[in-house]
Amino acid sequence: MRTARPRATAHPGSGRGSDTAIAWRHRQFVLRVGGRSVRVSHRALVATVTSVVAAAVLAVFALGAGEFPVSPGKVISVLIGTDDSFARVVVLEWRMPRIVSALIIGAALGMAGAIFQTLTRNPLGSPDIIGFNVGAYTGALVVIATIGRDYARTAVGALLGGLAVATVVYLLSRKRGTVHGVRLIVVGIAVSAVMSSVNQWIIVKIDLHAATTAAVWAQGTLNGLDWAQAVPLGICFVLVTVLLGLTGPSLTIMQMGDDAAGALGLRTERVRAHFFVLGVALVALAAAAAGPISFVALAAPQIARRLTSGPGVGMTSSAVTGAVLLLASDLIALRALAPTELPVGAVTVCLGGAYLVFLLVTQGRRRAR
C-alpha cells in the first residue's frame with residue numbers, strides 16, 4: 001500500500017488550516033491486491049468505517065430492544081459465546097435473523113441504487129423510481145396468488161418480473177442505438193404507473209386470503225423473517241456481489257459517459273445490460289424477502305456520496321449506508337408505536353419522501369443558477 005500525492009490545490013485566499021483540510025480530504029491510498037489496484041481517499045475510508053461502526057452499534061441496540069429487553073453488555077456476551085442463558089435464544093434465534101436480513105436487504109438496495117444512478121447518471125435513476133421495484137413486486141405477486149408465499153419461488157417470480165419490466169423500459173428508452181438517462185427515467189415512471197394499476201387489479205381478482213397476504217407483504221415488512229429466509233438471502237447476495245466484483249472498474253468508467261467509456265475500449269451496451277441484470281437481481285432479492293421497500297435505493301447512494309465527498313457514486317459506501325438506513329428505519333418501525341409494529345416500508349416512505357423533496361429542490365436551484 002502506498003500513499004498517492006494530494007490532487008487538490010489551495011483555494012485562493014484560503015488559510016493554511018483550510019488548505020490542510022482540503023489536502024487531507026483528497027489524499028488517497030492505493031491498495032494493491034494481486035494484479036489489481038484500488039485508489040481510496042482518506043475521506044471515503046473514514047466515512048465508510050464510521051458507517052460500519054454505526055451499523056454495528058445499531059445492531060447491538062436492536063438485538064437488545066423489545067418486550068424481553070437485553071442489555072448491550074449481555075448482547076455482546078451472547079455474540080462472543082460467553083452467555084448461555086435464555087437471552088441467547090432471544091438474541092440469536094428470535095432477533096438475529098431480522099437484523100441480519102435488514103442489513104443484507106439495505107445493502108442490496110443501496111448497491112442497486114448505485115448501479116442505476118450510475119448508468120442513468122442521474123440521482124433520480126433509482127429502481128423504485130423507474131419501475132423495477134414495481135416489476136419485481138408484480139412477479140412476486142403472481143407467485144403468491146398462484147402458488148403461495150415461499151422465499152425461493154417468490155424470489156424467482158420477483159426476478160422474472162423485474163427483468164421483464166427492465167427489458168420493456170430499456171427497449172422503449174433506446175433511441176438510435178443508445179439509452180439516454182433522462183429518457184429512461186421518464187419511460188420508467190410511466191411503466192411503473194401502468195404496473196401499479198396491474199398490481200391493484202391482481203389483488204382485486206385473487207381470493208381473500210392471498211389478497212390479504214399480498215397486501216401486508218406489499219407494505220414492505222421484516223416481520224416474521226427467520227433463518228430459513230435469511231440464509232438463502234445471504235447466499236444469493238454474496239453470489240451477486242461476487243459477480244459485481246468480477247466486473248472490475250467498468251461501472252466507474254461508465255460514470256464518465258458512453259462516449260468516453262467507448263473511447264477507453266468499453267462495450268457500453270453490453271456493460272449496461274450486464275449491470276441491469278445484476279441490479280434487478282439485487283432488487284428482486286430484497287423484494288422477495290421483505291416486499292417492495294421504497295426510497296432506500298434512492299437515498300443511500302446520494303447520502304454516501306455526500307459523506308465520502310467523492311466524484312461519483314461508490315458501491316461499497318452505498319451498500320453500508322443502505323444497511324444503516326434500513327436498520328435505523330426498522331428500529332423506528334419497532335419502537336415508535338410499541339408494542340404495535342409498523343411495516344418498515346411505511347417508515348422509509350416517510351423519510352424518503354422528505355429526502356425526495358429536498359433532492360428535487362436542490363436540483364431545481366442548481367439548474368436555476
# chains A, B, ... in the order shown; residues from 1 in each chain; ligands from 1
$ closest_atom_pairs --of "region 146-227 of chain A" --to "region 254-269 of chain A" --cutoff "12 Å" --atoms "only C-alpha atoms" --output "tab-separated table"
residue	atom	partner	partner_atom	distance
A:Tyr170	CA	A:Glu269	CA	10.8
A:Leu171	CA	A:Glu269	CA	11.9
A:Arg174	CA	A:Glu269	CA	10.6
A:Gly177	CA	A:Glu269	CA	8.7
A:Thr178	CA	A:Glu269	CA	7.6
A:Val179	CA	A:Glu269	CA	8.6
A:His180	CA	A:Asp258	CA	9.6
A:Gly181	CA	A:Gly257	CA	10.3
$ write_last_selection --atoms "N, CA, C and O atoms" --output "mmCIF file, in the first residue's frame"
data_model
loop_
_atom_site.group_PDB
_atom_site.id
_atom_site.type_symbol
_atom_site.label_atom_id
_atom_site.label_comp_id
_atom_site.auth_asym_id
_atom_site.auth_seq_id
_atom_site.Cartn_x
_atom_site.Cartn_y
_atom_site.Cartn_z
ATOM 1 N N TYR A 170 -35.989 -0.609 -20.947
ATOM 2 C CA TYR A 170 -34.738 -0.464 -21.710
ATOM 3 C C TYR A 170 -35.024 -0.308 -23.204
ATOM 4 O O TYR A 170 -34.466 0.582 -23.866
ATOM 5 N N LEU A 171 -35.911 -1.168 -23.738
ATOM 6 C CA LEU A 171 -36.194 -1.110 -25.177
ATOM 7 C C LEU A 171 -36.924 0.180 -25.552
ATOM 8 O O LEU A 171 -36.642 0.784 -26.594
ATOM 9 N N ARG A 174 -34.480 3.178 -25.721
ATOM 10 C CA ARG A 174 -33.432 3.218 -26.744
ATOM 11 C C ARG A 174 -33.806 4.184 -27.865
ATOM 12 O O ARG A 174 -34.940 4.220 -28.324
ATOM 13 N N GLY A 177 -29.884 3.516 -31.022
ATOM 14 C CA GLY A 177 -28.921 2.541 -30.506
ATOM 15 C C GLY A 177 -28.361 2.825 -29.140
ATOM 16 O O GLY A 177 -27.561 2.049 -28.618
ATOM 17 N N THR A 178 -28.745 3.943 -28.513
ATOM 18 C CA THR A 178 -28.224 4.264 -27.188
ATOM 19 C C THR A 178 -29.381 4.579 -26.236
ATOM 20 O O THR A 178 -30.499 4.870 -26.678
ATOM 21 N N VAL A 179 -29.100 4.522 -24.935
ATOM 22 C CA VAL A 179 -30.107 4.801 -23.919
ATOM 23 C C VAL A 179 -29.704 6.064 -23.178
ATOM 24 O O VAL A 179 -28.630 6.123 -22.568
ATOM 25 N N HIS A 180 -30.571 7.078 -23.241
ATOM 26 C CA HIS A 180 -30.310 8.323 -22.529
ATOM 27 C C HIS A 180 -30.917 8.247 -21.136
ATOM 28 O O HIS A 180 -32.033 7.762 -20.958
ATOM 29 N N GLY A 181 -30.187 8.742 -20.128
ATOM 30 C CA GLY A 181 -30.621 8.598 -18.741
ATOM 31 C C GLY A 181 -31.969 9.220 -18.443
ATOM 32 O O GLY A 181 -32.833 8.593 -17.832
#
$ closest_atom_pairs --of "region 296-325 of chain A" --to "region 331-355 of chain A" --cutoff "10 Å" --atoms "only C-alpha atoms" --output "CSV"
residue,atom,partner,partner_atom,distance
A:Val296,CA,A:Thr348,CA,6.9
A:Ala297,CA,A:Gly352,CA,9.7
A:Leu298,CA,A:Gly352,CA,7.9
A:Ala299,CA,A:Gly352,CA,6.9
A:Ala300,CA,A:Gly352,CA,9.9
A:Ile303,CA,A:Tyr355,CA,9.9
A:Leu325,CA,A:Thr348,CA,8.5
$ atom_distance --atom1 "CA of Pro311 (chain A)" --atom2 "CA of Lys175 (chain A)"
27.9 Å
$ closest_residue --among "A:Ala273, A:Val156, A:Ile105, A:Ile129" --to "Thr221 (chain A)" --atoms "only C-alpha atoms"
A:Ile105
$ closest_atom_pairs --of "region 262-300 of chain A" --to "region 229-253 of chain A" --cutoff "8 Å" --atoms "only C-alpha atoms" --output "Markdown table"
| residue | atom | partner | partner_atom | distance |
| --- | --- | --- | --- | --- |
| A:Leu266 | CA | A:Ser250 | CA | 7.6 |
| A:Val271 | CA | A:Ser250 | CA | 7.3 |
| A:Phe275 | CA | A:Leu244 | CA | 8.0 |
| A:Leu278 | CA | A:Val240 | CA | 6.6 |
| A:Ala281 | CA | A:Val240 | CA | 7.6 |
| A:Leu282 | CA | A:Phe237 | CA | 7.2 |
| A:Leu285 | CA | A:Leu233 | CA | 6.7 |
| A:Ala289 | CA | A:Gln229 | CA | 6.9 |
$ select_by_dssp --residues "region 61-267 of chain A" --states "strand (DSSP E or B)" --output "PyMOL selection string"
chain A and resi 174-175+178-179
$ residues_around --residues "Val320 (chain A)" --least-positions-apart "4" --cutoff "10 Å" --atoms "only C-alpha atoms" --output "list in words"
Ala47, Thr48, Val49, Thr50, Ser51, Val52, Ala54, Ala55, Leu103, Ile104, Gly106, Ala107, Ala108, Gly110, Met111, Ala300, Pro301, Ala304, Met315, Thr316, Val324 and Leu325 of chain A
